[in-house]
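S.K.: Questions regarding the structure given below will be posed in turn.
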Amino acid sequence: MPTAFPAGSSPAGSSSAGALDLSAYRLAAEPYYRPVGDEIAVFEAAWRHRLPVMLKGPTGCGKTRFVEHMAWRLGRPLITVAAHEDMTAADLAGRFLLTPEGTVWHDGPLTQAVRHGAICYLDEIVEARQDTTVVIHPLTDARRMLPLEKRNELVAAHADFHLVISYNPGYQSAVKDLKESTKQRFIAIDFDYPAPALEAEIVMREAGADAALARTLVAIAACSRNLRGHGLDEGASTRMLIHAGRLAAGGVSLEAAVQAGIVLPITDDADMRRALSAAISACFA
Amino acid sequence: MSGAVALAPPALARLTRLMGGRENLAASFADTCRRLAARHGEAALEPWAGGALALVEVNAGAGALLAFWRASLELSGRLSPAALGETGHAAAALCREAGGRATLAALDAFVEIAPRLAGPAERTLFWRALLALAQAAPDGVALVAAQARRLVRPGHVAAFEGFVAAGLKAAGRDRARQRAFFALEDPLALGLLARIGAGPGFAELETDLCRVLAALWGTPPPLQPLPPGGEAPRRVNIAGPVVRLPEVFPGVAGEAARALYRAAALHAGAHLHFGNPRFPIGKFKPVQMALAGIVEDARVETLAMARYPGLRRLWAPYHVASSADGPTVASLLARLARGLFDPAYRDPDALVGKGQELFAAARGRIDDPALSLAIGTRLANDIGQRRLRFDARGHVVEPAYRDDGLGLWDFSDIAPEAADEVELMVEAARLERREGGDGPPDAAPSPEPAGRARPRPAGETGAVIATYPEWDAAAGIERPDWTSIRAVMPAAGDTGGLRHALERAGPVRARIARLVKAARVGRAARLKRQAEGHDLDLDAAIEAAIARRAGEVPDLRVFRSTALSQRDLAVLVLIDMSQSTRARLADGAGVLDVEKLAVAMLAEALAALGDAFALIAFASSGRGDVRVCEVKGFDAPYDTAAAACLAGLSSGLSTRLGAGLRHAGAQIARVRAFRKLILVLTDGEPSDIDASGEDLVQDARRVVLQLRSQGIDTFGVTLDPAGVGSGPAIFGKANSMPVRRVEELPARLSELYFRLARR
Ligand SMILES: Nc1ncnc2c1ncn2[C@@H]1O[C@H](COP(=O)(O)OP(=O)(O)OP(=O)(O)O)[C@@H](O)[C@H]1O
Ligand SMILES: [Mg+2]
């Protein structure tokens with residue numbers, strides 16, 4: 001599933017390129033996604049009106065997987081951009097490059113999605129600086145426009161263009177937060193770790209674990225999530241359970257798998273590890 | 001004998017001569033001498049004789065000398081004559097301070113505990129501790145000697161010295177208190193005694209227990225320490241929502257202590273989670289209470305293990321009772337507990353089997369606590385019919401990780417005819433109630449008020465450390481040396497309350513910790529279009545290339561670099577502790593308590609950031625008596641002493657804000673930092689007994705302006721529920737933050753700091 005924007009090898013975009021081939025960004029097979037609530041219906045409704053969507057929720061709870069699934073379901077290509085601190089507006093929108101013939105404009109991933117009607121997923125948008133984030137403002141209101149100042153061009157969004165961002169509220173500090181004017185442009189869908197039975201189902205399927213192992217892992221996750229605010233910033237994510245589950249299903253002992261997949265990655269504090277290990281050991285016979 | 005005298009070395013010769021003249025000692029001395037010589041050879045006895053002579057020289061008396069002979073013979077296989085001589089010298093030194101009787105007792109005690117003392121160093125330690133005691137409280141020596149067996153534990157001799165030192169410190173010159181302490185009749189002494197050779201205890205494990213409880217059962221119950229009682233071992237006590245755990249489990253150390261605490265805490269957690277029924281006590285007898293308790297324990301544990309099967313591994317090691325323990329009721333109850341915990345266990349006594357059967361049959365309604373009462377009553381009837389005597393007073397719940405069972409009962413409707421008997425059991429389980437008087441058995445103990453302040457002795461004013469001018473607005477002049485600042489020694493307070501408050505504030509603290517993390521990393525400022533840097537500024541490079549092709553002069557600053565923003569900041573927090581901070585909030589906490597919590601959180605953050613900071617509290621009683629208490633100076637670390645001092649602040653007197661600010665300004669002016677910040681935490685209006693509030697507002701405003709001209713920013717955080725205070729008038733609108741809800745203060749203060757520190 002080549003969903004991330006392939007930085008070096010992207011199809012060269014230019015103003016003259018008409019219908020660009022975005023087939024590389026199309027999902028061939030259905031990404032497995034287990035619905036937790038009415039998120040599919042909400043997303044489809046938002047899509048119908050092309051309202052930008054913000055997926056809120058802790059790390060590793062299925063946001064990325066959900067977008068992939070929705071892109072497949074709606075039959076749209078998906079362009080994913082992982083935001084980072086050093087990302088500039090040009091990294092999103094595009095820039096001039098030099099060729100032997102002169103300068104050539106190169107569309108950034110956002111511009112590509114805007115021109116050709118893809119779903120653009122900006123992952124962890126708050127990591128980017130606020131002055132970078134504002135480039136999406138004209139795209140996310142009634143204008144649906146992307147101004148490319150450097151090129152002196154105003155790109156009107158393709159009818160199928162849809163913007164989705166992810167946002168992890170627990171993790172942000174006051175230093176990094178979305179501007180109010182950014183937040184208020186989005187339809188929000190709240191994600192959390194699925195209910196135990198559902199989560200066990202997901203772990204079974206994704207990790208190849210049997211039912212008992214999946215249940216134990218989910219119980220362990222519940223313990224770690226209870227420790228939020230008691231010394232842990234975050235509890236174990238569904239992703240972590242899948243990792244530990246794969247180790248255990250692959251023959252590593254449950255204790256070792258849980259240590260390697262959950263306890264060690266989640267905290268560096270020796271006392272916390274000890275308490276967490278004690279709680280975990282209560283979870284299996 | 002006379003021939004030997006002539007040849008004997010000098011000390012032994014002198015001793016022999018002296019003893020020969022003492023009727024009541026001569027025979028025993030000769031006998032001792034002969035037996036020691038037989039073992040070591042007479043020539044080796046010289047140092048021993050030296051020790052004995054030392055005792056003679058301090059007029060130790062016949063009793064002490066006889067004790068020395070006894071000790072020498074008893075220990076002759078273990079200690080060399082030289083080591084025995086040392087003992088004599090040490091005993092003589094003791095005798096000089098405490099007299100012959102105390103020395104006698106000490107020597108006898110030494111015989112008893114000498115096998116526990118490893119080498120000369122520990123022997124010295126023992127005698128040194130006694131000597132220190134003798135110098136300060138001579139009466140204590142005999143008392144301590146009588147308890148030496150309990151106080152000197154193998155491998156923990158240093159704790160004996162610590163015990164003596166603690167006793168001397170606690171009792172001061174109060175003779176009665178000294179006696180009570182060293183006779184082990186004092187709660188503090190008992191507490192220390194229990195800790196010798198035990199640990200880690202509640203204090204060390206509390207955080208861990210809280211976490212494990214939170215992980216398994218969600219929000220953890222409040223935990224409190226239970227001071228040790230008399231001889232009987234302590235058990236956990238559940239009082240309403242509060243779980244009280246023994247300060248230590250005597251004799252349990254290291255990993256074993258950690259495991260026992262976890263087992264105990266999680267058992268209590270299971271009670272709170274699955275039941276905690278509070279049966280009306282009515283006419284129930286102690287034996288019924290005990291048995292219903294055992295069944296209820298098994299019930300909640302069964303439920304807990306169904307959810308967390310690993311708990312069986314935690315609890316099983318404590319279920320070791322067997323019929324070999326003897327035919328007592330106590331043993332029978334412990335075996336019943338085992339049988340209900342482990343259905344595979346078989347016991348020769350039919351009662352255990354019957355209990356197992358009834359319990360198994362009730363499986364279908366295991367969610368219902370009433371089954372514990374029903375089964376317990378039936379088993380208690382069997383015990384009654386068999387005429388087995390249940391000792392209500394001596395009853396101790398086994399195994400050790402289980403709670404005392406009293407939390408299951410509601411004592412409010414106790415039937416008069418049962419009251420006496422039940423009282424016996426309750427009393428035995430909860431000795432400390434008589435000492436502490438902490439309410440009826442069914443009342444949850446009220447948690448200590450957070451950061452209880454110690455009352456300060458009246459008239460405790462320190463030396464004048466500075467004088468400052470004050471602005472007289474009416475006259476329009478600044479009166480020089482108008483106010484006098486006195487330093488008061490901060491009283492060390494009880495940090496427990498503050499610590500609990502901090503723990504309860506988990507989410508806010510976590511948020512602050514994240515702010516710290518973000519601030520510490522320092523947000524890298526990205527610098528574009530630099531002449532040098534670690535990578536290319538793509539846009540600048542392209543522009544340069546275009547310029548070159550167009551035949552223009554390119555701008556060669558085509559690099560990007562990053563610079564970490566440096567923190568160079570000093571902050572002083574000025575805390576108002578005047579009378580008005582005594583006001584109470586709805587939840588019972590005082591305003592000052594909230595201030596302390598706020599300051600403690602900020603201090604934690606500042607310490608983590610490494611920013612220079614000081615904490616100063618102030619209050620006033622007229623211009624000649626402005627008291628400041630330096631909780632933490634700029635050079636001091638924020639450690640437990642500072643936290644104790646913060647906890648110890650108490651409300652009182654008035655608020656002469658201007659004087660406090662001038663003093664704060666003088667302190668921070670000495671610090672080298674790029675930015676200097678004074679945060680004032682006050683709840684009210686400036687006031688004092690000898691000045692009008694309006695004048696003091698004017699004065700404070702003037703100080704704020706003066707400080708600003710010195711490059712010191714002053715910021716006022718005012719507790720101002722109505723939003724009508726003078727905060728803005730003093731600090732300026734932009735520099736004052738009125739906090740409407742006092743509860744929000746901790747979060748707001750720290751957020752404010754981070755906002756200010758970023759500018
Ligand atoms: N509802 C779900 N259905 C199917 N798989 C799921 C679901 N929820 C979580 N997963 C599994 O959890 C893993 C992690 O989810 P995902 O990568 O979507 O997390 P995320 O929320 O995007 O995390 P982050 O915020 O860290 O990017 C997925 O790879 C998938 O295996
Ligand atoms: Mg119990």
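Identifiers in this document derive from the order of the structure tokens: chains are assigned A, B, ..., residues are numbered from 1 separately in each chain, and ligands are numbered from 1 in order of occurrence.
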Might you pull out every residue within 6 Å of segment 238-247 of chain A, with only C-alpha atoms counted and same-chain residues fewer than 6 positions away left off, and present them as JSON, numbers by chain?
M.R.: {"A": [60, 61, 203, 207, 257, 258, 261]}
S.K.: Generate a file of the selected residues that holds N, CA, C and O atoms, formatted as a compact mmCIF listing (two decimals), in the first residue's frame.
M.R.:
# COMPACT_ATOMS: atom_id res chain seq x y z
N GLY A 60 -1.89 5.03 17.62
CA GLY A 60 -2.06 3.59 17.39
C GLY A 60 -3.45 3.07 17.63
O GLY A 60 -3.62 1.91 18.01
N CYS A 61 -4.49 3.89 17.41
CA CYS A 61 -5.83 3.39 17.67
C CYS A 61 -6.59 3.15 16.38
O CYS A 61 -7.77 2.85 16.39
N VAL A 203 -6.97 -7.69 17.36
CA VAL A 203 -5.66 -8.27 17.66
C VAL A 203 -5.56 -9.69 17.09
O VAL A 203 -4.53 -10.07 16.52
N ALA A 207 -2.69 -9.90 14.42
CA ALA A 207 -1.49 -10.52 14.96
C ALA A 207 -1.48 -12.02 14.74
O ALA A 207 -0.49 -12.68 15.03
N ALA A 257 7.30 -11.41 25.30
CA ALA A 257 6.66 -10.64 24.23
C ALA A 257 6.07 -9.35 24.78
O ALA A 257 6.18 -8.29 24.15
N VAL A 258 5.47 -9.44 25.97
CA VAL A 258 4.86 -8.25 26.55
C VAL A 258 5.93 -7.27 27.01
O VAL A 258 5.78 -6.05 26.86
N GLY A 261 7.28 -5.85 23.68
CA GLY A 261 6.32 -5.15 22.85
C GLY A 261 5.61 -4.01 23.57
O GLY A 261 5.11 -3.09 22.93
S.K.: Based on only C-alpha atoms, which of the residues in chain A come within 8 Å of chain B? I want them as JSON, numbers by chain.
M.R.: {"A": [86, 95, 96, 97, 98, 103, 173, 174, 175, 222, 223, 224, 225, 226, 227, 229, 230, 231, 233, 271, 272, 275, 276, 278, 279, 281, 282, 283, 284, 285]}
S.K.: Keeping N, CA and C atoms, export the residues of the selection given above as a compact mmCIF listing (two decimals), in the first residue's frame.
M.R.:
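Listing of result.txt after writing:
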# COMPACT_ATOMS: atom_id res chain seq x y z
N ASP A 86 10.18 20.45 10.65
CA ASP A 86 10.89 21.25 9.67
C ASP A 86 10.13 21.41 8.37
N ARG A 95 7.46 23.53 -5.26
CA ARG A 95 8.51 24.52 -5.46
C ARG A 95 9.11 24.40 -6.85
N PHE A 96 9.89 25.41 -7.23
CA PHE A 96 10.61 25.34 -8.50
C PHE A 96 11.84 24.47 -8.33
N LEU A 97 12.11 23.67 -9.33
CA LEU A 97 13.35 22.91 -9.35
C LEU A 97 14.12 23.32 -10.59
N LEU A 98 15.42 23.09 -10.55
CA LEU A 98 16.25 23.45 -11.69
C LEU A 98 16.46 22.23 -12.58
N THR A 103 14.04 26.47 -14.98
CA THR A 103 13.34 26.09 -13.76
C THR A 103 12.04 25.40 -14.13
N SER A 173 1.20 19.73 23.84
CA SER A 173 1.36 20.68 24.93
C SER A 173 0.84 22.01 24.43
N ALA A 174 0.84 22.96 25.36
CA ALA A 174 0.37 24.28 24.95
C ALA A 174 1.29 24.86 23.88
N VAL A 175 2.54 24.38 23.89
CA VAL A 175 3.49 24.91 22.92
C VAL A 175 3.08 24.51 21.51
N ALA A 222 -5.70 -2.69 29.10
CA ALA A 222 -6.59 -1.95 29.99
C ALA A 222 -5.83 -1.51 31.24
N CYS A 223 -5.00 -2.41 31.79
CA CYS A 223 -4.20 -2.06 32.97
C CYS A 223 -3.30 -0.86 32.66
N SER A 224 -2.62 -0.93 31.53
CA SER A 224 -1.68 0.14 31.24
C SER A 224 -2.43 1.46 31.00
N ARG A 225 -3.62 1.38 30.43
CA ARG A 225 -4.37 2.61 30.19
C ARG A 225 -4.89 3.21 31.50
N ASN A 226 -5.11 2.34 32.49
CA ASN A 226 -5.49 2.86 33.80
C ASN A 226 -4.37 3.68 34.42
N LEU A 227 -3.16 3.49 33.94
CA LEU A 227 -2.02 4.20 34.53
C LEU A 227 -1.79 5.56 33.90
N GLY A 229 -1.86 9.18 33.68
CA GLY A 229 -2.02 10.13 34.77
C GLY A 229 -1.45 9.63 36.09
N HIS A 230 -1.04 8.38 36.13
CA HIS A 230 -0.37 7.87 37.33
C HIS A 230 1.09 7.58 37.02
N GLY A 231 1.63 8.26 36.07
CA GLY A 231 3.04 8.05 35.74
C GLY A 231 3.27 7.68 34.28
N ASP A 233 2.22 8.60 30.28
CA ASP A 233 1.53 9.59 29.45
C ASP A 233 0.43 8.94 28.63
N ASP A 271 10.86 2.29 38.10
CA ASP A 271 9.77 2.03 39.06
C ASP A 271 8.46 1.77 38.32
N MET A 272 8.26 2.57 37.29
CA MET A 272 7.03 2.41 36.51
C MET A 272 7.01 1.04 35.84
N ALA A 275 6.02 -1.54 38.42
CA ALA A 275 4.59 -1.54 38.75
C ALA A 275 3.78 -2.12 37.58
N LEU A 276 4.15 -1.69 36.39
CA LEU A 276 3.42 -2.18 35.22
C LEU A 276 3.58 -3.68 35.06
N ALA A 278 4.11 -5.79 37.40
CA ALA A 278 3.32 -6.47 38.44
C ALA A 278 1.87 -6.57 38.01
N ALA A 279 1.34 -5.48 37.48
CA ALA A 279 -0.06 -5.51 37.04
C ALA A 279 -0.23 -6.49 35.88
N SER A 281 1.49 -9.14 35.25
CA SER A 281 1.60 -10.54 35.65
C SER A 281 0.30 -11.02 36.29
N ALA A 282 -0.53 -10.08 36.76
CA ALA A 282 -1.83 -10.49 37.29
C ALA A 282 -2.78 -10.90 36.17
N CYS A 283 -2.46 -10.51 34.95
CA CYS A 283 -3.41 -10.71 33.85
C CYS A 283 -3.38 -12.12 33.27
N PHE A 284 -2.35 -12.90 33.55
CA PHE A 284 -2.38 -14.26 33.02
C PHE A 284 -1.96 -15.27 34.07
N ALA A 285 -2.46 -16.47 33.93
CA ALA A 285 -2.24 -17.50 34.94
C ALA A 285 -0.80 -18.00 34.89
S.K.: Grab me every residue within 10 Å of ligand 1, counting only C-alpha atoms and all ligand atoms, and send it over as JSON, numbers by chain.
M.R.: {"A": [31, 32, 33, 34, 35, 36, 37, 55, 56, 57, 58, 59, 60, 61, 62, 63, 64, 65, 66, 67, 68, 69, 82, 123, 124, 166, 167, 168, 191, 192, 193, 194, 198, 199, 201, 202, 203, 205, 206, 207, 237, 238, 239, 240, 241, 242, 243]}
S.K.: Residues as selected, N, CA and C atoms, written as a compact mmCIF listing (two decimals), in the first residue's frame, can you do that?
M.R.:
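The resulting file, again.txt, is reproduced below:
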# COMPACT_ATOMS: atom_id res chain seq x y z
N PRO A 31 -8.28 -2.54 2.78
CA PRO A 31 -7.56 -2.56 4.07
C PRO A 31 -8.54 -2.97 5.16
N TYR A 32 -8.13 -3.92 5.99
CA TYR A 32 -9.03 -4.40 7.04
C TYR A 32 -9.30 -3.30 8.04
N TYR A 33 -10.54 -2.98 8.21
CA TYR A 33 -10.90 -2.04 9.27
C TYR A 33 -12.17 -2.50 9.95
N ARG A 34 -12.13 -2.60 11.25
CA ARG A 34 -13.28 -3.04 12.02
C ARG A 34 -13.97 -1.80 12.57
N PRO A 35 -15.19 -1.48 12.08
CA PRO A 35 -15.85 -0.27 12.56
C PRO A 35 -16.12 -0.35 14.06
N VAL A 36 -15.99 0.78 14.73
CA VAL A 36 -16.17 0.80 16.17
C VAL A 36 -17.48 1.49 16.53
N GLY A 37 -17.83 2.48 15.76
CA GLY A 37 -19.09 3.19 16.00
C GLY A 37 -19.66 3.61 14.66
N LEU A 55 -9.34 13.60 12.42
CA LEU A 55 -9.46 12.38 13.22
C LEU A 55 -8.69 12.59 14.51
N LYS A 56 -9.41 12.57 15.63
CA LYS A 56 -8.76 12.80 16.91
C LYS A 56 -8.60 11.50 17.64
N GLY A 57 -7.52 11.33 18.36
CA GLY A 57 -7.43 10.13 19.16
C GLY A 57 -5.99 9.78 19.48
N PRO A 58 -5.80 8.92 20.45
CA PRO A 58 -4.45 8.56 20.87
C PRO A 58 -3.71 7.80 19.78
N THR A 59 -2.43 7.67 19.96
CA THR A 59 -1.61 7.01 18.96
C THR A 59 -1.98 5.54 18.82
N GLY A 60 -1.89 5.03 17.62
CA GLY A 60 -2.06 3.59 17.39
C GLY A 60 -3.45 3.07 17.63
N CYS A 61 -4.49 3.89 17.41
CA CYS A 61 -5.83 3.39 17.67
C CYS A 61 -6.59 3.15 16.38
N GLY A 62 -5.93 3.30 15.24
CA GLY A 62 -6.59 2.94 14.00
C GLY A 62 -6.95 4.09 13.08
N LYS A 63 -6.44 5.29 13.34
CA LYS A 63 -6.81 6.44 12.51
C LYS A 63 -6.31 6.26 11.07
N THR A 64 -5.05 5.92 10.96
CA THR A 64 -4.46 5.76 9.63
C THR A 64 -5.17 4.64 8.86
N ARG A 65 -5.38 3.54 9.58
CA ARG A 65 -6.03 2.42 8.96
C ARG A 65 -7.43 2.80 8.47
N PHE A 66 -8.10 3.62 9.25
CA PHE A 66 -9.45 4.04 8.90
C PHE A 66 -9.44 4.86 7.60
N VAL A 67 -8.50 5.79 7.49
CA VAL A 67 -8.45 6.61 6.27
C VAL A 67 -8.17 5.73 5.06
N GLU A 68 -7.27 4.78 5.23
CA GLU A 68 -6.96 3.88 4.12
C GLU A 68 -8.22 3.14 3.69
N HIS A 69 -8.92 2.68 4.72
CA HIS A 69 -10.13 1.92 4.43
C HIS A 69 -11.14 2.81 3.69
N ALA A 82 3.28 12.79 6.28
CA ALA A 82 3.56 12.81 7.71
C ALA A 82 4.20 14.15 8.04
N ASP A 123 -0.91 13.60 8.41
CA ASP A 123 -0.79 12.87 9.67
C ASP A 123 -0.05 13.74 10.69
N GLU A 124 -0.53 13.74 11.95
CA GLU A 124 0.11 14.50 13.03
C GLU A 124 0.36 15.94 12.63
N SER A 166 -4.98 14.30 11.07
CA SER A 166 -5.07 13.60 12.36
C SER A 166 -4.44 14.46 13.44
N TYR A 167 -4.91 14.22 14.63
CA TYR A 167 -4.60 15.13 15.72
C TYR A 167 -4.71 14.32 17.01
N ASN A 168 -3.65 14.31 17.81
CA ASN A 168 -3.65 13.55 19.06
C ASN A 168 -3.69 14.50 20.24
N PHE A 191 -11.62 9.13 17.99
CA PHE A 191 -11.20 7.73 18.04
C PHE A 191 -10.70 7.41 19.42
N ASP A 192 -10.96 6.22 19.86
CA ASP A 192 -10.33 5.76 21.09
C ASP A 192 -10.06 4.29 20.91
N TYR A 193 -9.39 3.69 21.87
CA TYR A 193 -9.17 2.26 21.73
C TYR A 193 -10.51 1.56 21.75
N PRO A 194 -10.69 0.56 20.90
CA PRO A 194 -11.99 -0.11 20.82
C PRO A 194 -12.35 -0.82 22.12
N LEU A 198 -14.05 -5.99 20.86
CA LEU A 198 -13.67 -5.55 19.51
C LEU A 198 -12.15 -5.53 19.35
N GLU A 199 -11.51 -5.00 20.38
CA GLU A 199 -10.06 -4.88 20.29
C GLU A 199 -9.45 -6.27 20.20
N GLU A 201 -10.80 -8.85 18.90
CA GLU A 201 -11.05 -9.31 17.54
C GLU A 201 -9.99 -8.77 16.57
N ILE A 202 -9.68 -7.47 16.73
CA ILE A 202 -8.68 -6.85 15.86
C ILE A 202 -7.31 -7.48 16.08
N VAL A 203 -6.97 -7.69 17.36
CA VAL A 203 -5.66 -8.27 17.66
C VAL A 203 -5.56 -9.69 17.09
N ARG A 205 -7.04 -10.90 14.50
CA ARG A 205 -6.94 -10.84 13.06
C ARG A 205 -5.57 -10.29 12.61
N GLU A 206 -5.13 -9.22 13.24
CA GLU A 206 -3.90 -8.56 12.77
C GLU A 206 -2.64 -9.27 13.24
N ALA A 207 -2.69 -9.90 14.42
CA ALA A 207 -1.49 -10.52 14.96
C ALA A 207 -1.48 -12.02 14.74
N SER A 237 -1.10 1.05 23.07
CA SER A 237 -2.02 1.24 21.95
C SER A 237 -2.39 -0.10 21.34
N THR A 238 -3.42 -0.08 20.52
CA THR A 238 -3.79 -1.29 19.78
C THR A 238 -2.58 -1.77 18.98
N ARG A 239 -1.85 -0.81 18.44
CA ARG A 239 -0.68 -1.18 17.64
C ARG A 239 0.32 -2.00 18.47
N MET A 240 0.55 -1.53 19.71
CA MET A 240 1.48 -2.26 20.58
C MET A 240 0.99 -3.68 20.86
N LEU A 241 -0.31 -3.81 21.07
CA LEU A 241 -0.87 -5.15 21.34
C LEU A 241 -0.62 -6.06 20.16
N ILE A 242 -0.78 -5.49 18.97
CA ILE A 242 -0.57 -6.31 17.77
C ILE A 242 0.89 -6.74 17.69
N HIS A 243 1.78 -5.80 18.00
CA HIS A 243 3.21 -6.15 17.98
C HIS A 243 3.52 -7.26 18.97
S.K.: Set out as CSV a contact list for chain B and ligand 2 with a cut-off of 7 Å, giving each residue of chain B that qualifies its closest atom pair and distance in Å to one decimal, counting only C-alpha atoms and all ligand atoms, ordered by chain and rising residue number.
M.R.:
residue,atom,partner,partner_atom_place_in_ligand_line,distance
B:His267,CA,ligand 2,1 (Mg),6.4
B:Ala268,CA,ligand 2,1 (Mg),6.3
B:His271,CA,ligand 2,1 (Mg),6.4
B:Gly293,CA,ligand 2,1 (Mg),6.5
B:Glu296,CA,ligand 2,1 (Mg),6.8
B:Asp297,CA,ligand 2,1 (Mg),4.3
B:Arg402,CA,ligand 2,1 (Mg),5.0
B:Asp403,CA,ligand 2,1 (Mg),4.6
B:Asp404,CA,ligand 2,1 (Mg),6.8
B:Gly405,CA,ligand 2,1 (Mg),5.5
S.K.: Which of segment 58-284 of chain A counts as helix (DSSP H, G or I) under DSSP, as number ranges by chain please?
M.R.: A: 63-74, 89-93, 109-116, 125-127, 130-139, 149-151, 180-183, 196-207, 211-226, 238-249, 254-266, 270-281
S.K.: Quick one: residues within 12 Å of Arg76 of chain A, only C-alpha atoms counted, chain neighbours fewer than 3 positions away excluded, as a PyMOL selection string?
M.R.: chain A and resi 3+22-28+47+67-73+79+113+116-120+159-162
S.K.: For segment 618-621 of chain B, list every protein, DNA or RNA residue within 8 Å, evaluated using only C-alpha atoms, and leave out those in the same chain fewer than 4 positions away; present the list as a list in words.
M.R.: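 Here the qualifying residues turn out to be Leu574, Ile575, Asp576, Met577, Ser578, Asp625, Val626, Arg627, Val628, Cys629, Gly652, Leu653, Ser654, Thr655, Arg656, Gly660, Asp688 and Ile689 of chain B.
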S.K.: Restrict the selected residues to N, CA and C atoms and save them as an mmCIF file, in the first residue's frame.
M.R.:
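The file below, selection-v9.cif, is the result:
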data_model
loop_
_atom_site.group_PDB
_atom_site.id
_atom_site.type_symbol
_atom_site.label_atom_id
_atom_site.label_comp_id
_atom_site.auth_asym_id
_atom_site.auth_seq_id
_atom_site.Cartn_x
_atom_site.Cartn_y
_atom_site.Cartn_z
ATOM 1 N N LEU B 574 7.049 34.840 45.283
ATOM 2 C CA LEU B 574 6.795 35.498 46.562
ATOM 3 C C LEU B 574 5.400 35.078 47.036
ATOM 4 N N ILE B 575 5.372 34.410 48.182
ATOM 5 C CA ILE B 575 4.121 33.796 48.631
ATOM 6 C C ILE B 575 3.534 34.575 49.804
ATOM 7 N N ASP B 576 2.314 34.997 49.638
ATOM 8 C CA ASP B 576 1.598 35.683 50.705
ATOM 9 C C ASP B 576 1.068 34.637 51.682
ATOM 10 N N MET B 577 1.482 34.736 52.951
ATOM 11 C CA MET B 577 0.957 33.751 53.912
ATOM 12 C C MET B 577 0.189 34.459 55.020
ATOM 13 N N SER B 578 -0.432 35.576 54.681
ATOM 14 C CA SER B 578 -1.133 36.345 55.703
ATOM 15 C C SER B 578 -2.415 35.640 56.150
ATOM 16 N N ASP B 625 7.955 44.875 61.679
ATOM 17 C CA ASP B 625 7.976 43.418 61.779
ATOM 18 C C ASP B 625 7.412 42.776 60.513
ATOM 19 N N VAL B 626 8.160 42.922 59.426
ATOM 20 C CA VAL B 626 7.776 42.249 58.185
ATOM 21 C C VAL B 626 8.564 40.951 58.144
ATOM 22 N N ARG B 627 7.859 39.855 58.215
ATOM 23 C CA ARG B 627 8.561 38.568 58.331
ATOM 24 C C ARG B 627 8.705 37.902 56.976
ATOM 25 N N VAL B 628 9.886 37.471 56.688
ATOM 26 C CA VAL B 628 10.062 36.687 55.476
ATOM 27 C C VAL B 628 10.667 35.340 55.838
ATOM 28 N N CYS B 629 10.239 34.382 55.102
ATOM 29 C CA CYS B 629 10.703 33.034 55.360
ATOM 30 C C CYS B 629 11.251 32.506 54.039
ATOM 31 N N GLY B 652 -1.088 33.690 58.867
ATOM 32 C CA GLY B 652 -1.194 34.617 59.974
ATOM 33 C C GLY B 652 -0.726 36.002 59.582
ATOM 34 N N LEU B 653 -1.134 37.011 60.361
ATOM 35 C CA LEU B 653 -0.695 38.399 60.189
ATOM 36 C C LEU B 653 -1.198 39.036 58.888
ATOM 37 N N SER B 654 -0.511 40.112 58.489
ATOM 38 C CA SER B 654 -1.024 40.941 57.391
ATOM 39 C C SER B 654 -0.113 40.906 56.169
ATOM 40 N N THR B 655 -0.508 41.716 55.173
ATOM 41 C CA THR B 655 0.163 41.699 53.875
ATOM 42 C C THR B 655 0.767 43.054 53.567
ATOM 43 N N ARG B 656 2.021 43.286 53.920
ATOM 44 C CA ARG B 656 2.655 44.543 53.530
ATOM 45 C C ARG B 656 3.413 44.252 52.246
ATOM 46 N N GLY B 660 7.527 43.306 51.056
ATOM 47 C CA GLY B 660 7.861 41.975 50.549
ATOM 48 C C GLY B 660 8.484 42.066 49.169
ATOM 49 N N ASP B 688 -2.147 46.268 56.547
ATOM 50 C CA ASP B 688 -1.322 46.059 57.731
ATOM 51 C C ASP B 688 -1.967 46.793 58.889
ATOM 52 N N ILE B 689 -1.458 46.531 60.091
ATOM 53 C CA ILE B 689 -2.120 47.106 61.263
ATOM 54 C C ILE B 689 -1.866 48.606 61.394
#
S.K.: Report as a list in words all protein, DNA and RNA residues lying within 12 Å of Ile136 of chain A, evaluated on only C-alpha atoms, omitting residues in the same chain fewer than 6 positions from it.
M.R.: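 Listed by chain and then number, they are Pro52, Ala89, Leu92, Ala93, Leu110, Thr111, Val114, Cys120, Tyr121, Leu122, Ile125, Gln130, Arg143, Arg144, Met145, Leu146, Pro147, Leu148, Ala157, His162, Leu163, Val164, Ile165, Ser181, Thr182, Lys183, Arg185 and Phe186 of chain A.
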